[in-house]
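**Q** Questions regarding the structure given below will be posed in turn.
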Amino acid sequence: MSSSPTTPAPKRAKVLVVDDDQIVLKAVSTILTREGYQVVSIDDAVEGLTAAKDPSIDVAVLDIKMPNLSGMDLLRGIKAARSDVEVIMMTAFATVETAVEAVKAGAYDYLTKPFENIDEVSMTVAKAAERKALRDRARALEEALSARNQFEDLVGQSSQMRAVFKLVETVSHSTATVLIQGESGTGKELVARAIHYRSARKDKPFIAVNCSALTDTLLDAELFGHVKGSFTGATYNKKGFFEAADGGTIFLDEIGDVPPATQVRLLRVLQEGEVKRVGANEPVKVDVRVIAATHVDLSRAKEEGKFREDLFYRLNVITIDLPPLRERPEDVPLLTHHFLKLYTAKAGKRVTGFTPRALEALTCNRWTGNVRELENVIERAVVLTSKEVLDTDDLPPGFQEAPQAGAQVEVFSLAHLPYAQAKRLAMRAFERRYLTALLEKHNHNVSSAARAAGVDRSNFRRLLKQYEVAGRSMKRSKDGDDDDALDAAS
Ligand SMILES: Nc1ncnc2c1ncn2[C@@H]1O[C@H](COP(=O)(O)OP(=O)(O)OP(=O)(O)O)[C@@H](O)[C@H]1O
């Protein structure tokens, strides 16, 4: 094995050349080195496979006939380990079969030996290197984009969610109290966690408390702790969540449900930075950042006298409003794929995606339970399905009819969707109904229906297939044109 010195041409790709024929190996390596490529030349197929695993290799030029490991096996091995490497095969036996086999196995192109001119070698490598560079750029762009669609564990690409990400980033650098408002399942706890884990407190505890899940006495004792004998059942001294979260963050979910007496205690923590255990005389200093969340309108609760005004203002230093999912349908496909990835990995299943109509049905749903409901729907679909691509029948009842059943689109509220999306749905509904009516009129004869519509027959059949108009329930054509009438079925 020999390796030429690396050429300092910065934009040039790194090419691996593998051939047991020393003369060819030297000739190809010399041509490519002269062209400014970094070249690694190797005279053994097994060693070539090891060398190809180097992530800096962009293109591999392989002889098809070598001892130990054939060029075809080497090609397969390289593609299995590094599917992004562009491979060019060299064959002395220019048969169509070997070339086709190589391309089928993932080769970019092939060269026939002896080379007619050296330009052929350098041009083929140049094209392969260009393709590799293009793919690398596309992948980098994709990664950058997906990084922008994800912020900590929060996924979203809508302008509303991007604004939330920005706000979270800003507030995580301060210690100000934050109030997160949003319907149930919109991701309030996720936002609170994102703030904590981006803040300087990230190595200290994050404690989440659901204030509506505990009775009044228990809530007090859990939040502030208690001393032995302070109430029935208090058989020992106990630290509360505030003391446990010292140095970190406490997340008070459903803050609107906190009873008046607890509101007073909370105010004290926020004002004085100290807690008094239930039954204790002396307060304890704590350094805790408070993030509260509510799904009820807290300012209305304040106006109605159900929530203390002073506490409201203490909590409401910075407000983050999480929009309901139905107001940001552009996040649905992204979230859907995010959960699909999550739950297929969990279930160890191979489910690669959704049919367009399933995605549309998901996008148009009203999602009263917001992201939590969407997450549950995807988890359920992944667990129950035996398919690789999920369709509407993998979704709960109700998803089958909504967007693709044209007859229902008028009653199906489109008002929560952006104009372009609502229009597209309405158009689809119209097309489906039009095709159904047209076929009825022409006794399910595709040829005459296409003629009457003024649409080319093959395009017309494509439309039928797309909208699945000619379903099993359709009657057979009476004029014997059975094929035409029912080809689109199934
Ligand atoms: N933007 C998002 N990206 C990814 N997952 C999300 C997003 N929003 C919510 N989720 C997921 O949805 C579920 C509900 O989120 P979370 O518990 O944060 O909502 P919540 O608003 O606090 O709900 P509740 O008011 O009922 O407590 C969680 O499993 C969470 O991971």
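Convention: chains lettered A, B, ... in structure tokens order; per-chain residue numbering from 1; ligands numbered from 1 as shown.
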Find the residues near ligand 1. Use a cut-off of 8 Å, count only C-alpha atoms and all ligand atoms, and write them as a short mmCIF file (atom, residue, chain, number, x, y, z; two decimals) with N, CA and C atoms, in the first residue's frame.

**A**
data_model
loop_
_atom_site.label_atom_id
_atom_site.label_comp_id
_atom_site.auth_asym_id
_atom_site.auth_seq_id
_atom_site.Cartn_x
_atom_site.Cartn_y
_atom_site.Cartn_z
N GLN A 150 -36.15 22.87 16.53
CA GLN A 150 -36.15 22.23 17.85
C GLN A 150 -35.38 23.12 18.82
N ASP A 153 -36.35 20.47 24.21
CA ASP A 153 -37.25 19.41 23.75
C ASP A 153 -38.46 19.95 23.01
N LEU A 154 -38.48 21.26 22.82
CA LEU A 154 -39.64 21.87 22.18
C LEU A 154 -39.49 21.85 20.66
N VAL A 155 -40.52 21.35 19.97
CA VAL A 155 -40.49 21.30 18.52
C VAL A 155 -41.51 22.29 17.99
N GLY A 156 -41.16 23.02 16.95
CA GLY A 156 -42.11 23.95 16.36
C GLY A 156 -41.44 24.80 15.30
N MET A 161 -44.32 29.79 17.67
CA MET A 161 -43.39 28.99 18.48
C MET A 161 -41.97 29.54 18.40
N GLY A 182 -51.49 28.93 28.82
CA GLY A 182 -51.83 28.15 27.64
C GLY A 182 -52.77 27.04 28.02
N GLU A 183 -53.51 26.57 27.01
CA GLU A 183 -54.45 25.47 27.25
C GLU A 183 -53.68 24.23 27.68
N SER A 184 -54.41 23.29 28.22
CA SER A 184 -53.80 22.05 28.66
C SER A 184 -53.14 21.34 27.47
N GLY A 185 -51.93 20.84 27.68
CA GLY A 185 -51.25 20.07 26.64
C GLY A 185 -50.49 20.91 25.62
N THR A 186 -50.37 22.21 25.85
CA THR A 186 -49.66 23.05 24.88
C THR A 186 -48.15 23.06 25.12
N GLY A 187 -47.70 22.46 26.20
CA GLY A 187 -46.25 22.37 26.42
C GLY A 187 -45.74 23.30 27.49
N LYS A 188 -46.58 23.67 28.45
CA LYS A 188 -46.16 24.64 29.48
C LYS A 188 -45.00 24.08 30.32
N GLU A 189 -45.13 22.82 30.71
CA GLU A 189 -44.06 22.25 31.53
C GLU A 189 -42.76 22.14 30.74
N LEU A 190 -42.88 21.82 29.46
CA LEU A 190 -41.70 21.71 28.61
C LEU A 190 -40.98 23.06 28.52
N VAL A 191 -41.77 24.12 28.43
CA VAL A 191 -41.20 25.47 28.37
C VAL A 191 -40.48 25.78 29.69
N ASN A 210 -47.84 19.95 40.65
CA ASN A 210 -49.18 20.22 40.13
C ASN A 210 -50.06 20.66 41.29
N ASP A 253 -47.48 24.31 38.53
CA ASP A 253 -48.48 24.14 37.48
C ASP A 253 -49.86 24.33 38.09
N GLU A 254 -50.79 24.82 37.27
CA GLU A 254 -52.17 25.10 37.72
C GLU A 254 -52.16 26.03 38.92
N ALA A 293 -47.59 28.26 35.98
CA ALA A 293 -48.34 28.04 34.74
C ALA A 293 -49.82 27.96 35.05
N THR A 294 -50.60 28.37 34.07
CA THR A 294 -52.05 28.30 34.26
C THR A 294 -52.75 28.05 32.94
N HIS A 295 -53.84 27.30 33.01
CA HIS A 295 -54.64 27.15 31.78
C HIS A 295 -55.90 28.00 31.90
N LEU A 335 -44.36 18.06 14.43
CA LEU A 335 -44.58 17.35 15.70
C LEU A 335 -44.90 15.88 15.44
N HIS A 338 -41.82 14.11 14.71
CA HIS A 338 -41.04 14.05 15.94
C HIS A 338 -41.53 12.90 16.82
N PHE A 339 -42.85 12.81 17.00
CA PHE A 339 -43.40 11.75 17.85
C PHE A 339 -43.28 10.38 17.17
N ASN A 370 -54.56 19.56 22.44
CA ASN A 370 -53.29 20.12 21.98
C ASN A 370 -52.20 19.07 21.72
N VAL A 371 -50.94 19.43 22.01
CA VAL A 371 -49.83 18.54 21.61
C VAL A 371 -49.92 17.20 22.34
N ARG A 372 -50.41 17.22 23.57
CA ARG A 372 -50.52 15.95 24.31
C ARG A 372 -51.43 14.98 23.55
N GLU A 373 -52.54 15.49 23.02
CA GLU A 373 -53.48 14.64 22.30
C GLU A 373 -52.83 14.10 21.02
N LEU A 374 -52.11 14.97 20.32
CA LEU A 374 -51.43 14.54 19.09
C LEU A 374 -50.41 13.44 19.43
N GLU A 375 -49.68 13.66 20.49
CA GLU A 375 -48.66 12.68 20.91
C GLU A 375 -49.32 11.32 21.18
#

**Q** Give me, as a PyMOL selection string, all polymer residues having an atom no more than 9 Å from A:Ala51, counting only C-alpha atoms and skipping those fewer than 5 positions away in the same chain.

**A** chain A and resi 16+40+42+46+57

**Q** So which one's closest to A:Gly247, A:Thr336, A:Ser299, A:Thr175, A:Asn365? Using only C-alpha atoms, please.

**A**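 Smallest distance to A:Gly247 is found for A:Thr175.
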
**Q** As JSON, numbers by chain, please: the residues near A:Asp246 (cut-off 6 Å, only C-alpha atoms, same-chain neighbours under 6 positions excluded).

**A** {"A": [286, 287, 288]}

**Q** As an MDAnalysis selection string, please: all residues of stretch 24-207 of chain A that backbone DSSP puts in alpha helix (DSSP H).

**A** chainID A and resid 24:34 45:52 71:81 96:104 118:148 159:172 188:198

**Q** Hey, can you check how far atom CA of A:Glu304 sits from atom CA of A:Gln263?

**A**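 Distance reported for this atom pair: 15.3 Å.
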
**Q** Just want the 12 Å neighbourhood of A:Gln22, counted on only C-alpha atoms, with same-chain residues fewer than 3 positions away dropped. Output as a PyMOL selection string.

**A** chain A and resi 1-2+17-19+25-30+41-44+63+66

**Q** For the residues in that selection, give me N, CA and C atoms as an mmCIF file, in the first residue's frame.

**A**
data_model
loop_
_atom_site.group_PDB
_atom_site.id
_atom_site.type_symbol
_atom_site.label_atom_id
_atom_site.label_comp_id
_atom_site.auth_asym_id
_atom_site.auth_seq_id
_atom_site.Cartn_x
_atom_site.Cartn_y
_atom_site.Cartn_z
ATOM 1 N N MET A 1 0.842 -1.205 0.000
ATOM 2 C CA MET A 1 0.000 0.000 0.000
ATOM 3 C C MET A 1 0.869 1.244 0.000
ATOM 4 N N SER A 2 0.491 2.216 -0.796
ATOM 5 C CA SER A 2 1.224 3.483 -0.760
ATOM 6 C C SER A 2 0.222 4.612 -0.733
ATOM 7 N N VAL A 17 -8.425 5.387 -4.158
ATOM 8 C CA VAL A 17 -8.307 4.551 -5.363
ATOM 9 C C VAL A 17 -7.853 3.163 -4.914
ATOM 10 N N VAL A 18 -8.600 2.135 -5.310
ATOM 11 C CA VAL A 18 -8.242 0.761 -4.922
ATOM 12 C C VAL A 18 -8.146 -0.111 -6.173
ATOM 13 N N ASP A 19 -6.958 -0.638 -6.413
ATOM 14 C CA ASP A 19 -6.744 -1.543 -7.558
ATOM 15 C C ASP A 19 -5.516 -2.401 -7.264
ATOM 16 N N LEU A 25 -3.189 1.542 -10.756
ATOM 17 C CA LEU A 25 -3.296 2.287 -9.492
ATOM 18 C C LEU A 25 -2.452 3.561 -9.562
ATOM 19 N N LYS A 26 -1.246 3.393 -10.044
ATOM 20 C CA LYS A 26 -0.323 4.545 -10.101
ATOM 21 C C LYS A 26 -0.839 5.570 -11.113
ATOM 22 N N ALA A 27 -1.302 5.045 -12.263
ATOM 23 C CA ALA A 27 -1.741 5.959 -13.326
ATOM 24 C C ALA A 27 -2.926 6.809 -12.848
ATOM 25 N N VAL A 28 -3.933 6.136 -12.262
ATOM 26 C CA VAL A 28 -5.132 6.863 -11.818
ATOM 27 C C VAL A 28 -4.781 7.842 -10.696
ATOM 28 N N SER A 29 -3.968 7.381 -9.776
ATOM 29 C CA SER A 29 -3.594 8.253 -8.647
ATOM 30 C C SER A 29 -2.838 9.476 -9.145
ATOM 31 N N THR A 30 -1.972 9.279 -10.136
ATOM 32 C CA THR A 30 -1.202 10.413 -10.662
ATOM 33 C C THR A 30 -2.125 11.424 -11.344
ATOM 34 N N SER A 41 -4.121 5.913 -2.256
ATOM 35 C CA SER A 41 -4.128 4.770 -3.180
ATOM 36 C C SER A 41 -3.764 3.495 -2.441
ATOM 37 N N ILE A 42 -4.560 2.473 -2.697
ATOM 38 C CA ILE A 42 -4.411 1.212 -1.963
ATOM 39 C C ILE A 42 -4.509 0.043 -2.946
ATOM 40 N N ASP A 43 -3.607 -0.976 -2.794
ATOM 41 C CA ASP A 43 -3.590 -2.076 -3.772
ATOM 42 C C ASP A 43 -4.277 -3.341 -3.264
ATOM 43 N N ASP A 44 -5.057 -3.201 -2.183
ATOM 44 C CA ASP A 44 -5.717 -4.383 -1.630
ATOM 45 C C ASP A 44 -7.154 -4.033 -1.233
ATOM 46 N N ASP A 63 -11.439 -0.992 -8.512
ATOM 47 C CA ASP A 63 -11.362 -1.984 -9.580
ATOM 48 C C ASP A 63 -12.427 -3.043 -9.295
ATOM 49 N N MET A 66 -10.749 -8.037 -8.147
ATOM 50 C CA MET A 66 -9.568 -8.065 -7.276
ATOM 51 C C MET A 66 -9.572 -9.360 -6.469
#

**Q** Would you please give, as a VMD selection string, all residues of stretch 244-313 of chain A that DSSP assigns to strand (DSSP E) based on the backbone?

**A** chain A and resid 249 to 253 274 to 275 284 to 285 289 to 294

**Q** Between atom CA of A:Val264 and atom CA of A:Ser199, what distance in Å does the model show, to one decimal?

**A**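 Those two atoms sit 27.6 Å apart.
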
**Q** Would you list the contacts of stretch 357-364 of chain A as a ChimeraX atom specification, taking every protein, DNA or RNA residue within 6 Å and counting only C-alpha atoms, but skipping same-chain residues closer than 5 positions in sequence?

**A** /A:329,332,391-392,399,403

**Q** Excluding A:Val103 and any residue of its chain fewer than 5 positions from it, enumerate the residues within 12 Å of it, using only C-alpha atoms, and give them as a PDB file with C-alpha atoms, in the first residue's frame.

**A**
ATOM      1  CA  MET A  72     -18.557  -5.513  -6.097  1.00  0.00           C
ATOM      2  CA  LEU A  75     -18.652  -1.488  -3.197  1.00  0.00           C
ATOM      3  CA  ARG A  76     -21.378  -3.044  -1.040  1.00  0.00           C
ATOM      4  CA  LYS A  79     -22.053   1.639   0.862  1.00  0.00           C
ATOM      5  CA  GLU A  86     -19.662   8.294  -4.247  1.00  0.00           C
ATOM      6  CA  VAL A  87     -18.202   5.155  -5.832  1.00  0.00           C
ATOM      7  CA  ILE A  88     -16.856   4.768  -9.365  1.00  0.00           C
ATOM      8  CA  MET A  89     -16.079   1.274 -10.598  1.00  0.00           C
ATOM      9  CA  VAL A  96     -23.566  -4.036 -19.510  1.00  0.00           C
ATOM     10  CA  GLU A  97     -24.318  -6.557 -16.764  1.00  0.00           C
ATOM     11  CA  THR A  98     -21.449  -5.612 -14.471  1.00  0.00           C
ATOM     12  CA  TYR A 108     -22.294   6.471  -9.124  1.00  0.00           C
ATOM     13  CA  ASP A 109     -20.720   5.488 -12.466  1.00  0.00           C
ATOM     14  CA  TYR A 110     -18.140   3.199 -14.025  1.00  0.00           C
ATOM     15  CA  LEU A 111     -15.021   3.539 -16.170  1.00  0.00           C
TER      16      LEU A 111
END

**Q** Which of these residues is nearest to A:Ile195, using only C-alpha atoms: A:Leu438, A:Ala244, A:Val164, A:Ala345?

**A**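 So, comparing all the options, the nearest one is A:Val164.
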